[in-house]
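Reading through the structure tokens given below for one structure.
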Amino acid sequence: MPNDMTPQDLRDCPSDAFIAQMREAYPVEPEMDRVLTRKMQSRQSATFGDFTIDHLIGCLKAMLSDKLDGAFTVHDPHWLAGGASKLQVVFDLDWDDPEQGRTTTRMVARMEPAESLNATSRPREFQLINAFKGVLPVPRVFWLDDSATWFPQETIVYEFLKGVTRPSAEASRVSGLGQTFGPEVRAALGPQFVESLARIHTRDFAGADLSAFHVPAVGTTETAMLQLNRARRVWDEDRGHDLPLFDLAAEWLSDHLPDLDVPSLLHGDFRPGNFLFDESTMQITAWLDWERGYIGDRHRDLAWTSTSTFGSFAEDGTTFLVSGLIPEDEFFARYKAASGLSVDPKKLRFYKALNSFQLMVSALGTAYRLVRLGKTHQDVLLAWVEGVGYAQAEELRRAMLEDL
């Protein structure tokens with residue numbers, strides 16, 4: 001570090017040496033290394049205000065001119081609300097669809113902002129959605145700009161699917177946190193919710209195009225260590241201050257890494273807010289936001305979706321509902337029956353602690369840095385998210401105390 005640079009300065013304007021230091025200290029999956037390295041290398045570039053809707057539509061038209069042979073017209077572009085980490089533009093495309101002929105299709109262009117709360121891979125998102133075509137309700141994916149050839153940042157373009165993320169009669173929650181559903185809605189959606197997760201974890205991915213993914217070794221702690229390293233690297237790249245609990249938790253997690261028995265495809269963010277449903281039929285119509293997916297231990301998804309942050313309580317005030325949809329005991333019983341897979345309490349406990357650790361990183365590290373640098377269109381939301389970090393810190397503290 002140059003003598004006149006503080007740690008704060010170095011994280012605002014990372015040098016090549018600092019980036020190399022992070023890469024060496026915290027080995028991660030190759031695709032995640034690419035994503036995180038790109039994040040740091042571009043940290044001094046554009047802010048969110050540089051991405052106007054007219055600019056992005058111009059980028060879209062340039063891409064379509066290169067991708068399509070026939071004439072096309074883009075209609076009614078506008079920002080798509082919701083989400084805490086990606087810029088999304090919805091539009092209608094009049095075009096010659098290879099599958100349907102001349103038609104108008106409503107689509108979404110989903111692009112990384114100047115810097116994201118979750119630095120993730122568009123190639124992985126693209127490949128995962130394609131891997132679940134015909135297995136789960138997922139949007140049709142049309143194009144991937146994985147090298148930012150046309151757009152300022154990596155972008156995917158996929159089909160816009162209809163549905164709602166919450167009952168119209170229920171209060172809105174930030175990013176699906178603590179979302180509630182009425183008894184009738186829970187009865188209809190709860191079983192579908194569990195069945196969907198079981199289908200994800202039992203998907204045979206041997207023949208799928210998953211070139212952006214790393215398959216961890218069975219019988220080793222590799223997948224747990226790679227995820228822990230990723231969180232530690234992001235914290236060291238983004239944090240604005242030291243947090244003693246974080247260092248203690250990193251040691252505790254390193255001492256409790258579980259072995260992998262079965263590698264599974266993971267959604268990575270399986271919870272309310274990331275699926276759509278039709279209120280008239282009470283059927284799930286789409287699973288979205290696959291950006292955090294990877295190949296690893298199913299207990300990570302199970303721990304994520306059952307964390308207190310995404311759940312709520314039933315009308316009796318005492319029954320905890322996983323993701324606001326289903327009592328915890330019933331959730332795990334249905335999952336085991338639908339998937340044929342076991343649920344190991346020790347592994348579940350580890351991944352709940354790791355998830356709290358990762359949420360702390362996002363809320364107390366990355367959110368702080370993005371707001372500080374003016375990188376996000378969601379600065380008010382991300383400033384609010386800081387409170388989630390302290391709640392997760394308390395959950396992590398309790399988990400470690402149980403081991404003493």
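In the structure tokens, each chain is lettered A, B, ... as it comes, each chain's residues begin at 1, and ligands are numbered from 1 in order of appearance.
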
Exercise. Mind checking which residues fall within 9 Å of A:Ile284, counting only C-alpha atoms, ignoring those fewer than 3 positions away in the same chain, and posting them as a PyMOL selection string?
Key: chain A and resi 137+163+189+192-193+275-278+281+287

Exercise. Assign secondary structure with DSSP using the backbone only, and return the residues of stretch 119-302 of chain A in strand (DSSP E) as a PyMOL selection string.
Key: chain A and resi 141-145+155-159+263-266+275-278+283-287+294-297

Quiz item: Could you name the residues that touch stretch 363-378 of chain A at 10 Å or less, counting only C-alpha atoms, but leaving out those on the same chain fewer than 5 positions away, as an MDAnalysis selection string?
Solution: chainID A and resid 8 11:12 43:51 82:87 113:119 234:243 358 383:390 392:393

Exercise. Would you mind listing what lies within 8 Å of A:Arg334 as a list of chain:residue names, with only C-alpha atoms counted and same-chain residues fewer than 4 positions away left out?
Key: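 With the cut-off at 8 Å, the set is A:Pro191, A:Val194, A:Glu195, A:Glu330, A:Ala338.
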
Suppose we keep C-alpha atoms; can you now write the selection as a compact mmCIF listing (two decimals), in the first residue's frame?
```
# COMPACT_ATOMS: atom_id res chain seq x y z
CA PRO A 191 -46.36 -27.65 -1.62
CA VAL A 194 -41.06 -27.38 -1.74
CA GLU A 195 -41.54 -29.48 -4.88
CA GLU A 330 -43.49 -29.84 7.34
CA ALA A 338 -40.09 -35.20 -2.80
```

Can you list, as an mmCIF file with all heavy atoms, in the first residue's frame, every protein, DNA or RNA residue that comes within 6 Å of stretch 154-160 of chain A when you count only C-alpha atoms, leaving out same-chain residues fewer than 2 positions away?
```cif
data_model
loop_
_atom_site.group_PDB
_atom_site.id
_atom_site.type_symbol
_atom_site.label_atom_id
_atom_site.label_comp_id
_atom_site.auth_asym_id
_atom_site.auth_seq_id
_atom_site.Cartn_x
_atom_site.Cartn_y
_atom_site.Cartn_z
ATOM 1 N N ARG A 106 -42.895 -9.678 -25.185
ATOM 2 C CA ARG A 106 -42.441 -8.815 -24.085
ATOM 3 C C ARG A 106 -41.202 -9.461 -23.457
ATOM 4 O O ARG A 106 -41.194 -10.648 -23.121
ATOM 5 C CB ARG A 106 -43.540 -8.634 -23.049
ATOM 6 C CG ARG A 106 -43.097 -7.823 -21.836
ATOM 7 C CD ARG A 106 -44.248 -7.098 -21.172
ATOM 8 N NE ARG A 106 -44.675 -5.973 -22.008
ATOM 9 C CZ ARG A 106 -45.492 -5.003 -21.588
ATOM 10 N NH1 ARG A 106 -45.970 -5.023 -20.354
ATOM 11 N NH2 ARG A 106 -45.830 -4.023 -22.394
ATOM 12 N N MET A 107 -40.150 -8.660 -23.319
ATOM 13 C CA MET A 107 -38.869 -9.158 -22.835
ATOM 14 C C MET A 107 -38.322 -8.265 -21.731
ATOM 15 O O MET A 107 -38.800 -7.151 -21.511
ATOM 16 C CB MET A 107 -37.851 -9.219 -23.982
ATOM 17 C CG MET A 107 -38.239 -10.116 -25.140
ATOM 18 S SD MET A 107 -36.917 -10.139 -26.396
ATOM 19 C CE MET A 107 -37.694 -11.170 -27.658
ATOM 20 N N VAL A 108 -37.291 -8.782 -21.073
ATOM 21 C CA VAL A 108 -36.574 -8.039 -20.037
ATOM 22 C C VAL A 108 -35.086 -8.087 -20.349
ATOM 23 O O VAL A 108 -34.538 -9.163 -20.600
ATOM 24 C CB VAL A 108 -36.815 -8.642 -18.633
ATOM 25 C CG1 VAL A 108 -35.983 -7.899 -17.581
ATOM 26 C CG2 VAL A 108 -38.286 -8.609 -18.274
ATOM 27 N N ALA A 109 -34.444 -6.915 -20.354
ATOM 28 C CA ALA A 109 -32.985 -6.848 -20.411
ATOM 29 C C ALA A 109 -32.495 -6.662 -18.979
ATOM 30 O O ALA A 109 -32.851 -5.686 -18.311
ATOM 31 C CB ALA A 109 -32.528 -5.696 -21.295
ATOM 32 N N ARG A 110 -31.708 -7.592 -18.507
ATOM 33 C CA ARG A 110 -31.250 -7.609 -17.103
ATOM 34 C C ARG A 110 -29.742 -7.407 -17.090
ATOM 35 O O ARG A 110 -28.981 -8.279 -17.539
ATOM 36 C CB ARG A 110 -31.649 -8.937 -16.474
ATOM 37 C CG ARG A 110 -31.207 -9.162 -15.041
ATOM 38 C CD ARG A 110 -31.836 -10.457 -14.542
ATOM 39 N NE ARG A 110 -31.239 -10.966 -13.328
ATOM 40 C CZ ARG A 110 -31.573 -10.587 -12.096
ATOM 41 N NH1 ARG A 110 -32.515 -9.678 -11.929
ATOM 42 N NH2 ARG A 110 -30.981 -11.110 -11.042
ATOM 43 N N MET A 111 -29.331 -6.269 -16.576
ATOM 44 C CA MET A 111 -27.923 -5.886 -16.648
ATOM 45 C C MET A 111 -27.345 -5.599 -15.268
ATOM 46 O O MET A 111 -28.016 -5.070 -14.389
ATOM 47 C CB MET A 111 -27.766 -4.634 -17.525
ATOM 48 C CG MET A 111 -26.321 -4.264 -17.832
ATOM 49 S SD MET A 111 -26.153 -2.682 -18.705
ATOM 50 C CE MET A 111 -26.325 -1.531 -17.319
ATOM 51 N N PRO A 139 -38.361 -18.422 -17.487
ATOM 52 C CA PRO A 139 -38.506 -17.640 -18.722
ATOM 53 C C PRO A 139 -37.638 -18.204 -19.838
ATOM 54 O O PRO A 139 -36.600 -18.828 -19.580
ATOM 55 C CB PRO A 139 -38.037 -16.237 -18.304
ATOM 56 C CG PRO A 139 -37.126 -16.469 -17.154
ATOM 57 C CD PRO A 139 -37.675 -17.661 -16.428
ATOM 58 N N ARG A 140 -38.066 -17.999 -21.036
ATOM 59 C CA ARG A 140 -37.249 -18.327 -22.193
ATOM 60 C C ARG A 140 -36.121 -17.291 -22.279
ATOM 61 O O ARG A 140 -36.348 -16.096 -22.210
ATOM 62 C CB ARG A 140 -38.112 -18.287 -23.449
ATOM 63 C CG ARG A 140 -37.386 -18.614 -24.744
ATOM 64 C CD ARG A 140 -38.356 -18.480 -25.905
ATOM 65 N NE ARG A 140 -37.685 -18.525 -27.200
ATOM 66 C CZ ARG A 140 -38.279 -18.182 -28.354
ATOM 67 N NH1 ARG A 140 -39.545 -17.767 -28.341
ATOM 68 N NH2 ARG A 140 -37.609 -18.256 -29.487
ATOM 69 N N VAL A 141 -34.882 -17.771 -22.393
ATOM 70 C CA VAL A 141 -33.741 -16.860 -22.462
ATOM 71 C C VAL A 141 -33.346 -16.696 -23.916
ATOM 72 O O VAL A 141 -33.169 -17.668 -24.653
ATOM 73 C CB VAL A 141 -32.548 -17.407 -21.664
ATOM 74 C CG1 VAL A 141 -31.542 -16.290 -21.412
ATOM 75 C CG2 VAL A 141 -32.989 -17.985 -20.345
ATOM 76 N N PHE A 142 -33.215 -15.450 -24.354
ATOM 77 C CA PHE A 142 -32.949 -15.177 -25.764
ATOM 78 C C PHE A 142 -31.474 -14.910 -26.065
ATOM 79 O O PHE A 142 -30.887 -15.563 -26.920
ATOM 80 C CB PHE A 142 -33.801 -13.990 -26.232
ATOM 81 C CG PHE A 142 -35.275 -14.236 -26.155
ATOM 82 C CD1 PHE A 142 -36.042 -13.700 -25.130
ATOM 83 C CD2 PHE A 142 -35.906 -15.028 -27.103
ATOM 84 C CE1 PHE A 142 -37.410 -13.941 -25.062
ATOM 85 C CE2 PHE A 142 -37.277 -15.277 -27.048
ATOM 86 C CZ PHE A 142 -38.029 -14.722 -26.018
ATOM 87 N N TRP A 143 -30.882 -13.960 -25.363
ATOM 88 C CA TRP A 143 -29.513 -13.573 -25.705
ATOM 89 C C TRP A 143 -28.701 -13.286 -24.446
ATOM 90 O O TRP A 143 -29.225 -12.903 -23.410
ATOM 91 C CB TRP A 143 -29.519 -12.316 -26.592
ATOM 92 C CG TRP A 143 -30.278 -12.518 -27.858
ATOM 93 C CD1 TRP A 143 -29.894 -13.252 -28.951
ATOM 94 C CD2 TRP A 143 -31.580 -12.003 -28.177
ATOM 95 N NE1 TRP A 143 -30.867 -13.225 -29.910
ATOM 96 C CE2 TRP A 143 -31.912 -12.458 -29.473
ATOM 97 C CE3 TRP A 143 -32.487 -11.179 -27.500
ATOM 98 C CZ2 TRP A 143 -33.110 -12.143 -30.090
ATOM 99 C CZ3 TRP A 143 -33.686 -10.861 -28.105
ATOM 100 C CH2 TRP A 143 -33.996 -11.331 -29.387
ATOM 101 N N LEU A 144 -27.403 -13.479 -24.587
ATOM 102 C CA LEU A 144 -26.444 -13.204 -23.528
ATOM 103 C C LEU A 144 -25.321 -12.339 -24.078
ATOM 104 O O LEU A 144 -24.674 -12.702 -25.065
ATOM 105 C CB LEU A 144 -25.863 -14.521 -22.987
ATOM 106 C CG LEU A 144 -24.640 -14.423 -22.074
ATOM 107 C CD1 LEU A 144 -25.008 -13.746 -20.754
ATOM 108 C CD2 LEU A 144 -24.044 -15.809 -21.828
ATOM 109 N N ASP A 145 -25.108 -11.201 -23.457
ATOM 110 C CA ASP A 145 -23.959 -10.357 -23.776
ATOM 111 C C ASP A 145 -22.967 -10.531 -22.630
ATOM 112 O O ASP A 145 -22.900 -9.727 -21.710
ATOM 113 C CB ASP A 145 -24.387 -8.890 -23.912
ATOM 114 C CG ASP A 145 -23.228 -7.982 -24.316
ATOM 115 O OD1 ASP A 145 -22.129 -8.509 -24.600
ATOM 116 O OD2 ASP A 145 -23.410 -6.750 -24.319
ATOM 117 N N ASP A 146 -22.203 -11.620 -22.683
ATOM 118 C CA ASP A 146 -21.346 -11.976 -21.557
ATOM 119 C C ASP A 146 -20.012 -11.244 -21.548
ATOM 120 O O ASP A 146 -19.261 -11.343 -20.575
ATOM 121 C CB ASP A 146 -21.119 -13.490 -21.509
ATOM 122 C CG ASP A 146 -20.477 -14.025 -22.775
ATOM 123 O OD1 ASP A 146 -20.472 -13.307 -23.785
ATOM 124 O OD2 ASP A 146 -19.977 -15.163 -22.758
ATOM 125 N N ALA A 148 -19.917 -7.839 -22.463
ATOM 126 C CA ALA A 148 -20.264 -6.414 -22.546
ATOM 127 C C ALA A 148 -19.868 -5.843 -23.902
ATOM 128 O O ALA A 148 -19.315 -4.747 -24.001
ATOM 129 C CB ALA A 148 -19.612 -5.628 -21.410
#
```

Exercise. Name the closest residue to A:Phe320 among the candidates A:Ser306, A:Ser211, A:Asp96, A:Ser42; distances are taken between atoms, counting only C-alpha atoms.
Key: A:Ser306

Self-check item: DSSP alpha helix (DSSP H) residues within stretch 33-238 of chain A, as a PyMOL selection string
Solution: chain A and resi 33-41+53-67+122-131+183-201+222-238

Exercise. Tell me, in Å to one decimal, how far atom CA of A:Val262 is from atom CA of A:Val343.
Key: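 Going from atom CA of A:Val262 over to atom CA of A:Val343 covers 11.6 Å.
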
Practice problem: Could you please determine the separation between atom CA of A:Gln41 and atom CA of A:Leu64 in Å, to one decimal place? | Solution: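 The value is 28.3 Å.
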
Give me the stretch 122-234 of chain A side of the contact with stretch 295-300 of chain A, cut-off 10 Å, one line per residue showing its nearest atom pair and distance in Å at one decimal, counting only C-alpha atoms, sorted by chain and residue number, as a Markdown table.
```
| residue | atom | partner | partner_atom | distance |
| --- | --- | --- | --- | --- |
| A:Leu197 | CA | A:Arg298 | CA | 9.4 |
| A:Ala198 | CA | A:Arg298 | CA | 9.4 |
| A:Ile200 | CA | A:Arg298 | CA | 9.3 |
| A:His201 | CA | A:Arg298 | CA | 6.4 |
| A:Thr202 | CA | A:Arg298 | CA | 9.5 |
| A:Phe205 | CA | A:Ile295 | CA | 9.6 |
| A:Leu210 | CA | A:Ile295 | CA | 9.7 |
| A:Phe213 | CA | A:Ile295 | CA | 6.9 |
| A:His214 | CA | A:Ile295 | CA | 6.7 |
| A:Val215 | CA | A:Ile295 | CA | 5.9 |
| A:Pro216 | CA | A:Gly296 | CA | 6.6 |
| A:Ala217 | CA | A:Gly296 | CA | 9.2 |
| A:Val218 | CA | A:Gly296 | CA | 9.5 |
| A:Glu222 | CA | A:Gly296 | CA | 9.2 |
| A:Thr223 | CA | A:Gly296 | CA | 5.8 |
| A:Ala224 | CA | A:Asp297 | CA | 7.9 |
| A:Leu226 | CA | A:Gly296 | CA | 9.8 |
| A:Gln227 | CA | A:Gly296 | CA | 9.3 |
```

Would you mind exporting N, CA and C atoms of the selected residues as a PDB file, in the first residue's frame?
```pdb
ATOM      1  N   LEU A 197     -38.045 -26.840  -5.152  1.00  0.00           N
ATOM      2  CA  LEU A 197     -36.692 -26.959  -4.615  1.00  0.00           C
ATOM      3  C   LEU A 197     -36.171 -28.382  -4.771  1.00  0.00           C
ATOM      4  N   ALA A 198     -37.028 -29.355  -4.560  1.00  0.00           N
ATOM      5  CA  ALA A 198     -36.624 -30.751  -4.741  1.00  0.00           C
ATOM      6  C   ALA A 198     -36.237 -31.021  -6.193  1.00  0.00           C
ATOM      7  N   ILE A 200     -35.001 -28.876  -8.309  1.00  0.00           N
ATOM      8  CA  ILE A 200     -33.714 -28.232  -8.566  1.00  0.00           C
ATOM      9  C   ILE A 200     -32.578 -29.123  -8.088  1.00  0.00           C
ATOM     10  N   HIS A 201     -32.686 -29.632  -6.877  1.00  0.00           N
ATOM     11  CA  HIS A 201     -31.590 -30.395  -6.277  1.00  0.00           C
ATOM     12  C   HIS A 201     -31.417 -31.779  -6.878  1.00  0.00           C
ATOM     13  N   THR A 202     -32.452 -32.314  -7.512  1.00  0.00           N
ATOM     14  CA  THR A 202     -32.345 -33.647  -8.112  1.00  0.00           C
ATOM     15  C   THR A 202     -32.182 -33.599  -9.625  1.00  0.00           C
ATOM     16  N   PHE A 205     -27.592 -32.923 -14.105  1.00  0.00           N
ATOM     17  CA  PHE A 205     -26.971 -31.863 -14.902  1.00  0.00           C
ATOM     18  C   PHE A 205     -25.807 -32.358 -15.751  1.00  0.00           C
ATOM     19  N   LEU A 210     -23.147 -26.296 -18.815  1.00  0.00           N
ATOM     20  CA  LEU A 210     -22.850 -25.563 -17.587  1.00  0.00           C
ATOM     21  C   LEU A 210     -21.355 -25.245 -17.534  1.00  0.00           C
ATOM     22  N   PHE A 213     -19.629 -23.291 -14.685  1.00  0.00           N
ATOM     23  CA  PHE A 213     -19.723 -23.834 -13.335  1.00  0.00           C
ATOM     24  C   PHE A 213     -18.543 -24.732 -12.997  1.00  0.00           C
ATOM     25  N   HIS A 214     -18.270 -24.811 -11.715  1.00  0.00           N
ATOM     26  CA  HIS A 214     -17.259 -25.714 -11.167  1.00  0.00           C
ATOM     27  C   HIS A 214     -17.977 -26.813 -10.400  1.00  0.00           C
ATOM     28  N   VAL A 215     -17.603 -28.074 -10.632  1.00  0.00           N
ATOM     29  CA  VAL A 215     -18.193 -29.199  -9.910  1.00  0.00           C
ATOM     30  C   VAL A 215     -17.250 -29.583  -8.772  1.00  0.00           C
ATOM     31  N   PRO A 216     -17.661 -29.377  -7.527  1.00  0.00           N
ATOM     32  CA  PRO A 216     -16.778 -29.675  -6.391  1.00  0.00           C
ATOM     33  C   PRO A 216     -16.625 -31.180  -6.169  1.00  0.00           C
ATOM     34  N   ALA A 217     -15.559 -31.532  -5.518  1.00  0.00           N
ATOM     35  CA  ALA A 217     -15.254 -32.945  -5.276  1.00  0.00           C
ATOM     36  C   ALA A 217     -16.105 -33.497  -4.141  1.00  0.00           C
ATOM     37  N   VAL A 218     -16.690 -34.678  -4.377  1.00  0.00           N
ATOM     38  CA  VAL A 218     -17.481 -35.370  -3.359  1.00  0.00           C
ATOM     39  C   VAL A 218     -16.547 -35.889  -2.266  1.00  0.00           C
ATOM     40  N   GLU A 222     -14.412 -29.006  -0.102  1.00  0.00           N
ATOM     41  CA  GLU A 222     -14.092 -28.007  -1.116  1.00  0.00           C
ATOM     42  C   GLU A 222     -15.203 -26.982  -1.314  1.00  0.00           C
ATOM     43  N   THR A 223     -16.436 -27.441  -1.498  1.00  0.00           N
ATOM     44  CA  THR A 223     -17.503 -26.490  -1.817  1.00  0.00           C
ATOM     45  C   THR A 223     -17.758 -25.519  -0.665  1.00  0.00           C
ATOM     46  N   ALA A 224     -17.709 -26.017   0.568  1.00  0.00           N
ATOM     47  CA  ALA A 224     -17.905 -25.134   1.719  1.00  0.00           C
ATOM     48  C   ALA A 224     -16.771 -24.117   1.821  1.00  0.00           C
ATOM     49  N   LEU A 226     -14.838 -22.966  -0.632  1.00  0.00           N
ATOM     50  CA  LEU A 226     -14.915 -21.996  -1.720  1.00  0.00           C
ATOM     51  C   LEU A 226     -15.950 -20.917  -1.428  1.00  0.00           C
ATOM     52  N   GLN A 227     -17.089 -21.305  -0.849  1.00  0.00           N
ATOM     53  CA  GLN A 227     -18.117 -20.315  -0.525  1.00  0.00           C
ATOM     54  C   GLN A 227     -17.683 -19.417   0.633  1.00  0.00           C
TER      55      GLN A 227
END
```

Quiz item: Which residue out of A:His75, A:Arg230, A:His55, A:Lys162 has the minimum interatomic distance to A:Val35 when only C-alpha atoms are used?
Solution: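 Among A:His75, A:Arg230, A:His55, A:Lys162, it is A:Arg230 that comes nearest to A:Val35.
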
Quiz item: By how many Å are atom CA of A:Pro77 and atom CA of A:Ser168 apart?
Solution: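 If I compute the distance from atom CA of A:Pro77 to atom CA of A:Ser168, I get 24.8 Å.
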
For A:Thr309, work out the shell of residues within 9 Å, counting only C-alpha atoms and skipping chain neighbours fewer than 2 positions away, then give it as a CSV table (one decimal) with N, CA, C and O atoms, in the first residue's frame.
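Heads up, here's the output in out-v3.csv:
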```
chain,number,residue,atom,x,y,z
A,177,LEU,N,-38.3,-9.9,2.2
A,177,LEU,CA,-37.9,-10.1,3.6
A,177,LEU,C,-39.1,-10.2,4.4
A,177,LEU,O,-39.9,-9.2,4.5
A,178,GLY,N,-39.3,-11.3,5.2
A,178,GLY,CA,-40.4,-11.4,6.1
A,178,GLY,C,-41.8,-11.4,5.4
A,178,GLY,O,-42.8,-11.0,6.1
A,305,THR,N,-33.4,-20.7,2.5
A,305,THR,CA,-34.8,-20.5,2.4
A,305,THR,C,-35.5,-20.6,3.7
A,305,THR,O,-36.6,-20.1,3.9
A,306,SER,N,-34.8,-21.3,4.7
A,306,SER,CA,-35.5,-21.4,6.0
A,306,SER,C,-34.9,-20.4,7.0
A,306,SER,O,-35.3,-20.5,8.2
A,307,THR,N,-34.1,-19.5,6.6
A,307,THR,CA,-33.6,-18.5,7.6
A,307,THR,C,-34.7,-17.6,8.0
A,307,THR,O,-35.7,-17.3,7.3
A,311,GLY,N,-38.5,-15.6,6.5
A,311,GLY,CA,-39.7,-16.3,7.0
A,311,GLY,C,-40.6,-15.3,7.8
A,311,GLY,O,-40.3,-14.1,7.9
A,312,SER,N,-41.7,-15.8,8.3
A,312,SER,CA,-42.6,-15.0,9.1
A,312,SER,C,-43.4,-16.0,10.0
A,312,SER,O,-43.2,-17.2,9.9
A,323,SER,N,-40.0,-19.2,4.7
A,323,SER,CA,-40.3,-18.3,3.6
A,323,SER,C,-41.8,-17.8,3.7
A,323,SER,O,-42.3,-17.4,2.6
A,388,VAL,N,-30.3,-5.4,8.5
A,388,VAL,CA,-30.3,-6.8,8.3
A,388,VAL,C,-29.0,-7.4,8.7
A,388,VAL,O,-28.9,-8.5,9.3
A,391,ALA,N,-28.8,-7.9,12.4
A,391,ALA,CA,-29.7,-9.0,12.8
A,391,ALA,C,-29.0,-10.3,12.5
A,391,ALA,O,-29.1,-11.3,13.3
A,392,GLN,N,-28.4,-10.5,11.4
A,392,GLN,CA,-27.7,-11.7,11.0
A,392,GLN,C,-26.5,-11.9,11.9
A,392,GLN,O,-26.1,-13.0,12.2
```
